[in-house]
>>> print(open('upload-v1.cif').read())   # mmCIF, C-alpha atoms
data_my_file
loop_
_atom_site.label_atom_id
_atom_site.label_comp_id
_atom_site.auth_asym_id
_atom_site.auth_seq_id
_atom_site.Cartn_x
_atom_site.Cartn_y
_atom_site.Cartn_z
CA ALA B 131 -27.21 -4.77 -20.65
CA LEU B 132 -27.90 -3.23 -17.27
CA GLY B 133 -26.30 0.05 -16.32
CA SER B 134 -24.36 0.57 -13.14
CA SER B 135 -26.29 1.29 -9.98
CA MET B 136 -25.79 4.09 -7.50
CA TYR B 137 -26.99 4.40 -3.93
CA GLY B 138 -28.00 7.58 -2.16
CA ARG B 139 -29.64 8.23 1.18
CA ILE B 140 -31.14 11.40 2.58
CA ASP B 141 -31.67 11.69 6.34
CA TRP B 142 -33.68 14.55 7.82
CA THR B 143 -31.48 15.96 10.58
CA GLY B 144 -34.06 18.29 12.14
CA GLY B 145 -35.47 21.68 11.25
CA ASP B 146 -34.65 22.57 7.64
CA THR B 147 -31.64 20.25 7.31
CA VAL B 148 -30.82 16.94 5.67
CA ALA B 149 -27.69 14.81 5.40
CA CYS B 150 -27.06 13.28 1.97
CA THR B 151 -24.81 10.21 1.90
CA ASN B 152 -23.62 7.70 -0.69
CA GLU B 153 -22.59 4.05 -0.39
CA ARG B 154 -19.12 5.03 0.87
CA GLY B 155 -20.54 7.29 3.54
CA ASP B 156 -19.41 10.53 1.86
CA ARG B 157 -21.74 13.20 3.21
CA ILE B 158 -23.12 16.56 2.12
CA ASP B 159 -25.22 18.52 4.62
CA LEU B 160 -27.94 20.80 3.27
CA ASP B 161 -29.99 23.46 5.02
CA TRP B 162 -32.70 24.67 2.66
CA GLU B 163 -33.39 27.82 4.69
CA GLU B 164 -29.87 28.92 5.68
CA GLY B 165 -27.92 27.38 2.81
CA PRO B 166 -28.39 26.51 -0.86
CA THR B 167 -31.80 25.11 -1.76
CA PRO B 168 -32.05 21.74 -3.54
CA MET B 169 -32.71 23.63 -6.82
CA GLN B 170 -29.56 25.72 -6.33
CA VAL B 171 -27.59 22.55 -5.64
CA ALA B 172 -29.06 20.93 -8.78
CA LEU B 173 -27.87 23.93 -10.81
CA GLN B 174 -24.43 23.84 -9.22
CA VAL B 175 -23.91 20.11 -9.84
CA ILE B 176 -24.45 20.68 -13.58
CA GLY B 177 -21.52 23.10 -13.43
CA ALA B 178 -19.48 20.83 -11.16
CA CYS B 179 -19.92 17.84 -13.48
CA SER B 180 -18.74 19.69 -16.59
CA THR B 181 -15.98 21.52 -14.66
CA ALA B 182 -14.48 18.10 -13.91
CA ASP B 183 -14.50 17.32 -17.66
CA VAL B 184 -12.79 20.63 -18.45
CA VAL B 185 -10.12 20.27 -15.75
CA LEU B 186 -9.35 16.69 -16.81
CA GLY B 187 -9.19 17.80 -20.46
CA LEU B 188 -6.72 20.60 -19.62
CA LYS B 189 -4.33 18.28 -17.72
CA ASP B 190 -1.36 18.98 -20.04
CA ARG B 191 -1.87 22.76 -20.06
CA SER B 192 -0.68 25.54 -17.78
CA PHE B 193 -3.70 26.98 -15.91
CA SER B 194 -4.40 28.25 -12.41
CA GLU B 195 -8.16 28.76 -12.23
CA VAL B 196 -11.33 27.31 -13.73
CA TRP B 197 -14.77 28.62 -12.88
CA VAL B 198 -18.25 28.47 -14.35
CA GLU B 199 -20.98 31.07 -13.94
CA LEU B 200 -24.51 29.66 -14.33
CA ASP B 201 -27.57 31.78 -15.01
CA ALA B 202 -30.83 29.84 -14.86
CA THR B 203 -34.43 30.70 -15.71
CA ARG B 204 -37.23 28.79 -14.03
CA ALA B 205 -40.85 28.21 -15.02
CA GLU B 206 -43.37 30.70 -13.58
CA THR B 207 -45.72 28.00 -12.29
CA ARG B 208 -45.22 24.82 -10.28
CA PRO B 209 -43.31 22.68 -10.83
CA LYS B 210 -40.84 25.54 -11.25
CA VAL B 211 -38.40 23.56 -13.38
CA PHE B 212 -35.39 25.06 -15.13
CA THR B 213 -36.33 26.21 -18.62
CA LYS B 214 -33.02 27.82 -19.64
CA ILE B 215 -29.49 27.59 -18.29
CA HIS B 216 -26.63 29.68 -19.66
CA MET B 217 -23.11 28.82 -18.55
CA VAL B 218 -19.97 30.86 -19.01
CA TYR B 219 -16.78 28.85 -18.58
CA HIS B 220 -13.65 30.74 -17.52
CA VAL B 221 -10.07 29.51 -17.48
CA ARG B 222 -7.07 31.52 -16.34
CA GLY B 223 -3.91 30.32 -18.01
CA GLU B 224 -2.20 29.51 -21.26
CA VAL B 225 -5.07 27.69 -22.88
CA PRO B 226 -6.28 28.09 -26.48
CA LEU B 227 -9.90 29.29 -26.57
CA LYS B 228 -10.65 26.67 -29.27
CA LEU B 229 -9.51 23.88 -26.93
CA LEU B 230 -11.71 25.17 -24.10
CA GLU B 231 -14.69 25.46 -26.46
CA ARG B 232 -14.12 21.88 -27.69
CA LEU B 233 -13.85 20.50 -24.13
CA VAL B 234 -17.04 22.28 -23.05
CA ALA B 235 -18.98 21.13 -26.13
CA LYS B 236 -17.78 17.52 -25.65
CA SER B 237 -18.74 17.68 -21.98
CA HIS B 238 -22.31 18.66 -22.76
CA GLU B 239 -22.69 16.35 -25.76
CA LYS B 240 -21.23 13.22 -24.23
CA TYR B 241 -19.58 13.23 -20.82
CA CYS B 242 -21.56 15.37 -18.39
CA THR B 243 -24.24 12.92 -17.33
CA VAL B 244 -25.87 15.49 -15.08
CA SER B 245 -26.58 17.99 -17.86
CA GLN B 246 -27.97 15.18 -20.04
CA MET B 247 -30.72 14.61 -17.46
CA PHE B 248 -32.12 18.09 -18.08
CA VAL B 249 -33.37 17.21 -21.58
CA ASN B 250 -36.12 19.83 -21.90
CA VAL B 251 -33.90 22.70 -20.78
CA GLU B 252 -32.41 25.12 -23.31
CA MET B 253 -28.73 24.97 -22.34
CA THR B 254 -26.22 27.35 -23.82
CA HIS B 255 -22.60 28.06 -23.02
CA ALA B 256 -19.79 30.48 -23.76
CA CYS B 257 -16.06 30.30 -23.01
CA GLU B 258 -13.48 32.87 -21.93
CA VAL B 259 -9.74 32.48 -21.42
CA HIS B 260 -7.98 34.94 -19.11
CA GLN B 261 -4.21 35.35 -19.32
#
>>> encode(input="upload-v1.cif", output="structure tokens")
Amino acid sequence: ALGSSMYGRIDWTGGDTVACTNERGDRIDLDWEEGPTPMQVALQVIGACSTADVVLGLKDRSFSEVWVELDATRAETRPKVFTKIHMVYHVRGEVPLKLLERLVAKSHEKYCTVSQMFVNVEMTHACEVHQ
């Protein structure tokens, strides 16, 4: 069986900037000198992907904030790939810590496609609930 396909296009928009678009025309502009670098964006999308899983998993709970702090280590030599990524997931609200831990674990084991692509990276995570 074939998997689903996805289209992406990157257009250089002059200087240090590119426009990234998908098949619907949704656009993200990047400036690798004045804004986040592609590696920083790659790190952030790992967090964004699993944040979506956490927020969807908490839909029946009372919470006001969800944030993830990512701390990455890169190789010393080129290609300077990620070697370790530690993520701390935070939720503010009436959420059992065990539930948050289960949602985060499930995200990384099964649902977060982005984190699954970083197979040779030591990924760890911790969870905190703030009342």
>>> residues_around(input="upload-v1.cif", residues="Lys236 of chain B", least_positions_apart="5", cutoff="10 Å", atoms="all atoms listed in the file", output="list of chain:residue names")
B:Ser180, B:Asp183, B:Val184, B:Leu230, B:Glu231, B:Tyr241, B:Cys242
>>> residues_around(input="upload-v1.cif", residues="Asp156 of chain B", least_positions_apart="6", cutoff="10 Å", atoms="only C-alpha atoms", output="VMD selection string")
chain B and resid 138 149 to 150
>>> atom_distance(input="upload-v1.cif", atom1="atom CA of Ile215 of chain B", atom2="atom CA of Glu258 of chain B")
17.2 Å
>>> resolve_selection(input="upload-v1.cif", expression="the PyMOL selection byres ((chain B and resi 214) around 6)", output="VMD selection string")
chain B and resid 202 to 203 212 to 213 215 251 to 253
>>> resolve_selection(input="upload-v1.cif", expression="the PyMOL selection byres ((chain B and resi 233) around 12)", output="ChimeraX atom specification")
/B:180-189,219,221,225-232,234-242,255-257
>>> atom_distance(input="upload-v1.cif", atom1="atom CA of Asn250 of chain B", atom2="atom CA of Gln174 of chain B")
17.7 Å
>>> closest_residue(input="upload-v1.cif", among="B:Arg154, B:Ala178, B:Leu200, B:Asp141", to="Thr254 of chain B", atoms="only C-alpha atoms")
B:Leu200
>>> atom_distance(input="upload-v1.cif", atom1="atom CA of Phe248 of chain B", atom2="atom CA of Arg208 of chain B")
16.7 Å
>>> closest_residue(input="upload-v1.cif", among="B:Met169, B:Glu195, B:Trp142, B:Glu224", to="Pro209 of chain B", atoms="all atoms listed in the file")
B:Met169
>>> closest_residue(input="upload-v1.cif", among="B:Ile176, B:Arg139, B:Gln170, B:Val218", to="Gly155 of chain B", atoms="all atoms listed in the file")
B:Arg139
>>> closest_residue(input="upload-v1.cif", among="B:Glu199, B:Val171, B:Leu160, B:Gly223", to="Thr147 of chain B", atoms="all atoms listed in the file")
B:Leu160
>>> build_atoms(input="upload-v1.cif", residues="segment 229-248 of chain B", atoms="N, CA, C and O atoms", output="mmCIF file, in the coordinates of the input")
data_model
loop_
_atom_site.group_PDB
_atom_site.id
_atom_site.type_symbol
_atom_site.label_atom_id
_atom_site.label_comp_id
_atom_site.auth_asym_id
_atom_site.auth_seq_id
_atom_site.Cartn_x
_atom_site.Cartn_y
_atom_site.Cartn_z
ATOM 1 N N LEU B 229 -9.590 25.095 -27.741
ATOM 2 C CA LEU B 229 -9.510 23.880 -26.930
ATOM 3 C C LEU B 229 -10.593 23.913 -25.847
ATOM 4 O O LEU B 229 -11.316 22.935 -25.649
ATOM 5 N N LEU B 230 -10.704 25.037 -25.155
ATOM 6 C CA LEU B 230 -11.710 25.170 -24.100
ATOM 7 C C LEU B 230 -13.109 24.967 -24.683
ATOM 8 O O LEU B 230 -13.921 24.228 -24.127
ATOM 9 N N GLU B 231 -13.374 25.591 -25.823
ATOM 10 C CA GLU B 231 -14.690 25.460 -26.460
ATOM 11 C C GLU B 231 -14.979 24.001 -26.825
ATOM 12 O O GLU B 231 -16.098 23.521 -26.650
ATOM 13 N N ARG B 232 -13.959 23.289 -27.316
ATOM 14 C CA ARG B 232 -14.120 21.880 -27.690
ATOM 15 C C ARG B 232 -14.395 21.011 -26.457
ATOM 16 O O ARG B 232 -15.269 20.148 -26.470
ATOM 17 N N LEU B 233 -13.655 21.267 -25.364
ATOM 18 C CA LEU B 233 -13.850 20.500 -24.130
ATOM 19 C C LEU B 233 -15.251 20.717 -23.556
ATOM 20 O O LEU B 233 -15.906 19.772 -23.113
ATOM 21 N N VAL B 234 -15.715 21.958 -23.579
ATOM 22 C CA VAL B 234 -17.040 22.280 -23.050
ATOM 23 C C VAL B 234 -18.127 21.625 -23.913
ATOM 24 O O VAL B 234 -19.064 21.019 -23.394
ATOM 25 N N ALA B 235 -17.988 21.735 -25.224
ATOM 26 C CA ALA B 235 -18.980 21.130 -26.130
ATOM 27 C C ALA B 235 -19.024 19.617 -25.928
ATOM 28 O O ALA B 235 -20.106 19.031 -25.798
ATOM 29 N N LYS B 236 -17.852 18.974 -25.869
ATOM 30 C CA LYS B 236 -17.780 17.520 -25.650
ATOM 31 C C LYS B 236 -18.423 17.141 -24.316
ATOM 32 O O LYS B 236 -19.128 16.142 -24.210
ATOM 33 N N SER B 237 -18.164 17.947 -23.298
ATOM 34 C CA SER B 237 -18.740 17.680 -21.980
ATOM 35 C C SER B 237 -20.257 17.614 -22.065
ATOM 36 O O SER B 237 -20.873 16.664 -21.586
ATOM 37 N N HIS B 238 -20.857 18.605 -22.709
ATOM 38 C CA HIS B 238 -22.310 18.660 -22.760
ATOM 39 C C HIS B 238 -22.920 17.670 -23.751
ATOM 40 O O HIS B 238 -24.039 17.218 -23.557
ATOM 41 N N GLU B 239 -22.163 17.316 -24.788
ATOM 42 C CA GLU B 239 -22.690 16.350 -25.760
ATOM 43 C C GLU B 239 -22.593 14.925 -25.251
ATOM 44 O O GLU B 239 -23.434 14.097 -25.565
ATOM 45 N N LYS B 240 -21.554 14.621 -24.481
ATOM 46 C CA LYS B 240 -21.230 13.220 -24.230
ATOM 47 C C LYS B 240 -20.931 12.861 -22.775
ATOM 48 O O LYS B 240 -21.394 11.835 -22.288
ATOM 49 N N TYR B 241 -20.126 13.670 -22.091
ATOM 50 C CA TYR B 241 -19.580 13.230 -20.820
ATOM 51 C C TYR B 241 -20.343 13.672 -19.575
ATOM 52 O O TYR B 241 -20.393 12.949 -18.594
ATOM 53 N N CYS B 242 -20.901 14.859 -19.594
ATOM 54 C CA CYS B 242 -21.560 15.370 -18.390
ATOM 55 C C CYS B 242 -22.946 14.752 -18.248
ATOM 56 O O CYS B 242 -23.924 15.252 -18.780
ATOM 57 N N THR B 243 -22.994 13.656 -17.516
ATOM 58 C CA THR B 243 -24.240 12.920 -17.330
ATOM 59 C C THR B 243 -25.312 13.786 -16.688
ATOM 60 O O THR B 243 -26.490 13.674 -17.019
ATOM 61 N N VAL B 244 -24.898 14.657 -15.783
ATOM 62 C CA VAL B 244 -25.870 15.490 -15.080
ATOM 63 C C VAL B 244 -26.612 16.404 -16.050
ATOM 64 O O VAL B 244 -27.843 16.467 -16.045
ATOM 65 N N SER B 245 -25.892 17.085 -16.929
ATOM 66 C CA SER B 245 -26.580 17.990 -17.860
ATOM 67 C C SER B 245 -27.482 17.229 -18.824
ATOM 68 O O SER B 245 -28.504 17.752 -19.266
ATOM 69 N N GLN B 246 -27.140 15.976 -19.139
ATOM 70 C CA GLN B 246 -27.970 15.180 -20.040
ATOM 71 C C GLN B 246 -29.328 14.851 -19.440
ATOM 72 O O GLN B 246 -30.270 14.535 -20.158
ATOM 73 N N MET B 247 -29.441 14.917 -18.111
ATOM 74 C CA MET B 247 -30.720 14.610 -17.460
ATOM 75 C C MET B 247 -31.717 15.754 -17.588
ATOM 76 O O MET B 247 -32.897 15.562 -17.354
ATOM 77 N N PHE B 248 -31.242 16.932 -17.934
ATOM 78 C CA PHE B 248 -32.120 18.090 -18.080
ATOM 79 C C PHE B 248 -32.462 18.264 -19.558
ATOM 80 O O PHE B 248 -32.102 19.245 -20.185
#
